[in-house]
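Here's the structure, in structure tokens; my notes come after.
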Amino acid sequence: AVVDVNRDGRPDLAVVQAGESRVTILENRGGGRFAAGPSYPVGRSPHIIAPVDLNGDGITDLVVGSFARHTLTLLLGRRDGTFQDAREVPSGRFPHYVAAGDWNRDGHQDLAVVAAGEDAVVLLQGDGTGRLTRTGALGTEWNPHGLAAADVDGDGITDLIVSTRSAGTHGVFLGDGKGGFSARPRLKLDADIIALAAVDLDRDGVVDLAMVSSSHHAVVTLKGDGKGGFTLFGAGTGR
């Protein structure tokens with residue numbers, strides 16, 4: 001994760017070390033040079049890391065998923081560039097990617113985490129102090145993996161897009177602004193998508209998708225229709 005940990009105006013790197021079950025900060029010394037800084041123990045077999053301000057103090061915190069413990073480790077940032085002692089919260093089995101957003105629009109950051117072992121996206125509600133409470137789960141097809149949060153239908157409310165590695169279909173869930181989500185028809189794409197990003201690729205003001213296919217060794221791009229639907233770029237146009 002890229003984050004200015006020591007608040008010196010230069011982006012540092014927070015790196016997950018799976019074998020060590022730690023997060024190490026690589027401090028930006030300028031000129032493209034980084035030096036190892038402090039490290040922090042996290043849950044065994046960490047897999048993913050996401051930056052988010054969980055307690056609303058303007059300082060970036062870190063969320064780390066632990067495969068072996070089926071938890072998220074929360075590292076709350078301090079103003080001096082260090083992090084508080086780690087706290088763990090249940091995440092669902094085998095957490096993959098995490099997305100952050102204010103699902104219920106109460107002014108506090110919430111989380112969504114892909115639980116591959118449950119074929120679901122687990123929803124966690126934040127209270128603005130760094131505490132998280134599980135409020136529900138969105139069912140997916142087999143072996144979900146990638147996750148992104150974006151307003152895909154232009155209603156000003158954050159939605160969720162989740163990919164699967166094994167099912168060949170991928171989910172779009174439209175947020176209702178109250179903490180709930182409704183599923184759109186699944187996207188059919190015969191590719192094992194391990195990660196995805198939501199971004200306006202053609203600068204038309206509508207969210208598109210870039211999806212990484214492991215088996216195809218490719219990035220697949222899909223054009224958004226502004227209503228929560230997506231089609232392959234150039235489909236039916238010969239481009």
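A note on labels: chains of the structure tokens are A, B, ... as shown, every chain counts residues from 1, and ligands are counted from 1 in their shown order.
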Discussion item. I'd like the contact shell of Asp155 in chain A - 10 Å cut-off, only C-alpha atoms, skipping same-chain residues fewer than 5 positions apart - returned as JSON, numbers by chain.
Written reply: {"A": [174, 175, 176, 177, 226, 227]}
For the residues in that selection, give me N, CA and C atoms as a PDB file, in the first residue's frame.
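As a result, out.pdb now contains:
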ATOM      1  N   LEU A 174     -25.417  -3.121  -6.138  1.00  0.00           N
ATOM      2  CA  LEU A 174     -25.720  -1.703  -6.060  1.00  0.00           C
ATOM      3  C   LEU A 174     -26.068  -1.316  -4.626  1.00  0.00           C
ATOM      4  N   GLY A 175     -25.398  -0.285  -4.105  1.00  0.00           N
ATOM      5  CA  GLY A 175     -25.662   0.168  -2.746  1.00  0.00           C
ATOM      6  C   GLY A 175     -26.957   0.942  -2.651  1.00  0.00           C
ATOM      7  N   ASP A 176     -27.610   0.833  -1.476  1.00  0.00           N
ATOM      8  CA  ASP A 176     -28.862   1.578  -1.256  1.00  0.00           C
ATOM      9  C   ASP A 176     -28.662   2.800  -0.360  1.00  0.00           C
ATOM     10  N   GLY A 177     -27.416   3.039   0.085  1.00  0.00           N
ATOM     11  CA  GLY A 177     -27.145   4.175   0.955  1.00  0.00           C
ATOM     12  C   GLY A 177     -27.528   3.961   2.399  1.00  0.00           C
ATOM     13  N   GLY A 226     -23.236   3.079 -17.179  1.00  0.00           N
ATOM     14  CA  GLY A 226     -23.778   4.085 -16.274  1.00  0.00           C
ATOM     15  C   GLY A 226     -24.982   3.624 -15.494  1.00  0.00           C
ATOM     16  N   LYS A 227     -25.379   2.366 -15.685  1.00  0.00           N
ATOM     17  CA  LYS A 227     -26.531   1.822 -14.972  1.00  0.00           C
ATOM     18  C   LYS A 227     -26.156   0.590 -14.146  1.00  0.00           C
TER      19      LYS A 227
END
Discussion item. Please list as a list of chain:residue names every residue within 10 Å of Phe67 in chain A, counting only C-alpha atoms and excluding residues in the same chain fewer than 5 positions away.
Written reply: A:Ala18, A:Gly43, A:Arg44, A:Ser45, A:Pro46, A:His47, A:Ile48, A:Leu72, A:Ser91, A:Gly92, A:Arg93, A:Phe94, A:Pro95, A:His96, A:Ala115, A:Ala116, A:Gly117
Worksheet item: So how far away is CA of Thr221 in chain A from CA of Asp159 in chain A, in Å?
Response: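 Atom-to-atom, CA of Asp159 in chain A and CA of Thr221 in chain A are spaced 18.4 Å apart.
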Item to complete: Could you tell me which of A:Gly107, A:Ala183, A:Ala167, A:Pro90 comes closest to Gly139 in chain A if we count only C-alpha atoms?
Response: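 Smallest distance to Gly139 in chain A is found for A:Ala183.
Nearest to Thr169 in chain A of all the residues A:Ile157, A:Asp151, A:Ile59, A:Pro144 is A:Pro144, counting only C-alpha atoms.
Comparing A:Ser66, A:Gln125, A:Thr133, A:Ser214 by their smallest distance to Ala100 in chain A, the closest is A:Gln125 (using only C-alpha atoms).
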Item to complete: Going by DSSP on the backbone, which bits of range 24-189 of chain A are strand (DSSP E)? Write them as a VMD selection string, please.
Response: chain A and resid 24 to 30 33 to 41 46 to 52 61 to 66 71 to 75 87 to 90 95 to 101 110 to 115 120 to 126 132 to 139 144 to 150 159 to 164 169 to 175 181 to 183 187 to 188
Atoms to include: C-alpha atoms. Write the selected residues as a tab-separated table (two decimals), in the first residue's frame.
chain	number	residue	atom	x	y	z
A	24	THR	CA	7.17	-3.41	7.20
A	25	ILE	CA	7.26	0.28	6.37
A	26	LEU	CA	9.65	1.30	3.58
A	27	GLU	CA	10.38	4.97	4.18
A	28	ASN	CA	10.74	7.25	1.18
A	29	ARG	CA	14.14	8.96	1.38
A	30	GLY	CA	13.65	10.88	-1.87
A	33	ARG	CA	15.19	5.56	-2.70
A	34	PHE	CA	13.49	3.65	0.13
A	35	ALA	CA	14.87	2.38	3.43
A	36	ALA	CA	13.38	-0.19	5.78
A	37	GLY	CA	11.64	1.42	8.74
A	38	PRO	CA	9.63	-0.07	11.60
A	39	SER	CA	7.69	-3.30	11.24
A	40	TYR	CA	4.55	-4.50	12.99
A	41	PRO	CA	3.31	-8.04	13.75
A	46	PRO	CA	-1.13	-12.04	5.89
A	47	HIS	CA	-2.31	-11.73	2.31
A	48	ILE	CA	-3.67	-8.27	1.49
A	49	ILE	CA	-3.29	-4.72	2.78
A	50	ALA	CA	-5.51	-1.67	2.35
A	51	PRO	CA	-5.10	1.94	3.53
A	52	VAL	CA	-8.17	3.60	5.09
A	61	ASP	CA	-4.70	3.35	9.06
A	62	LEU	CA	-3.86	-0.09	7.63
A	63	VAL	CA	-6.10	-3.13	7.26
A	64	VAL	CA	-4.34	-6.47	6.73
A	65	GLY	CA	-6.09	-9.75	5.90
A	66	SER	CA	-4.81	-12.96	7.51
A	71	THR	CA	-9.21	-12.19	10.45
A	72	LEU	CA	-8.40	-8.60	9.59
A	73	THR	CA	-5.58	-6.96	11.53
A	74	LEU	CA	-6.17	-3.26	12.15
A	75	LEU	CA	-3.17	-0.95	12.55
A	87	ARG	CA	-6.15	-5.48	16.83
A	88	GLU	CA	-7.86	-8.38	15.05
A	89	VAL	CA	-11.48	-8.67	13.95
A	90	PRO	CA	-13.16	-11.68	12.29
A	95	PRO	CA	-9.97	-13.02	3.25
A	96	HIS	CA	-8.81	-11.72	-0.12
A	97	TYR	CA	-9.22	-8.11	-1.21
A	98	VAL	CA	-10.75	-5.35	0.93
A	99	ALA	CA	-12.72	-2.28	-0.19
A	100	ALA	CA	-13.57	0.74	1.96
A	101	GLY	CA	-16.49	3.15	1.77
A	110	ASP	CA	-16.99	0.78	6.52
A	111	LEU	CA	-15.28	-2.23	4.96
A	112	ALA	CA	-16.16	-5.03	2.58
A	113	VAL	CA	-13.89	-8.07	2.40
A	114	VAL	CA	-13.93	-11.00	0.01
A	115	ALA	CA	-14.21	-14.23	2.02
A	120	ALA	CA	-19.28	-14.19	-0.05
A	121	VAL	CA	-18.39	-10.55	0.45
A	122	VAL	CA	-18.54	-9.82	4.18
A	123	LEU	CA	-19.77	-6.35	5.19
A	124	LEU	CA	-18.26	-4.65	8.26
A	125	GLN	CA	-19.70	-1.42	9.67
A	126	GLY	CA	-17.36	1.12	11.23
A	132	LEU	CA	-15.88	-2.84	13.10
A	133	THR	CA	-19.05	-4.95	13.36
A	134	ARG	CA	-20.16	-7.57	10.86
A	135	THR	CA	-23.57	-6.60	9.49
A	136	GLY	CA	-24.11	-9.12	6.72
A	137	ALA	CA	-22.71	-10.84	3.66
A	138	LEU	CA	-23.35	-10.78	-0.07
A	139	GLY	CA	-23.41	-14.20	-1.71
A	144	PRO	CA	-14.47	-14.89	-5.15
A	145	HIS	CA	-11.21	-13.00	-5.25
A	146	GLY	CA	-11.06	-9.38	-6.50
A	147	LEU	CA	-13.10	-6.48	-5.14
A	148	ALA	CA	-13.63	-2.81	-5.98
A	149	ALA	CA	-15.90	-0.05	-4.68
A	150	ALA	CA	-17.26	2.65	-6.99
A	159	ASP	CA	-21.51	0.08	-5.14
A	160	LEU	CA	-19.38	-3.08	-5.08
A	161	ILE	CA	-17.94	-5.22	-7.88
A	162	VAL	CA	-16.55	-8.66	-7.05
A	163	SER	CA	-14.74	-11.12	-9.32
A	164	THR	CA	-14.40	-14.88	-9.10
A	169	THR	CA	-19.27	-14.96	-13.65
A	170	HIS	CA	-18.75	-11.86	-11.55
A	171	GLY	CA	-21.04	-9.84	-9.32
A	172	VAL	CA	-22.20	-6.22	-9.27
A	173	PHE	CA	-24.00	-5.08	-6.11
A	174	LEU	CA	-25.72	-1.70	-6.06
A	175	GLY	CA	-25.66	0.17	-2.75
A	181	PHE	CA	-26.79	-3.90	-1.49
A	182	SER	CA	-28.85	-5.47	-4.26
A	183	ALA	CA	-27.41	-7.80	-6.89
A	187	LEU	CA	-21.32	-10.49	-15.52
A	188	LYS	CA	-20.39	-13.45	-17.68
Worksheet entry | CA of Gly58 in chain A to CA of Asp12 in chain A, straight-line distance in Å |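 Pair CA of Asp12 in chain A / CA of Gly58 in chain A returns 16.6 Å.
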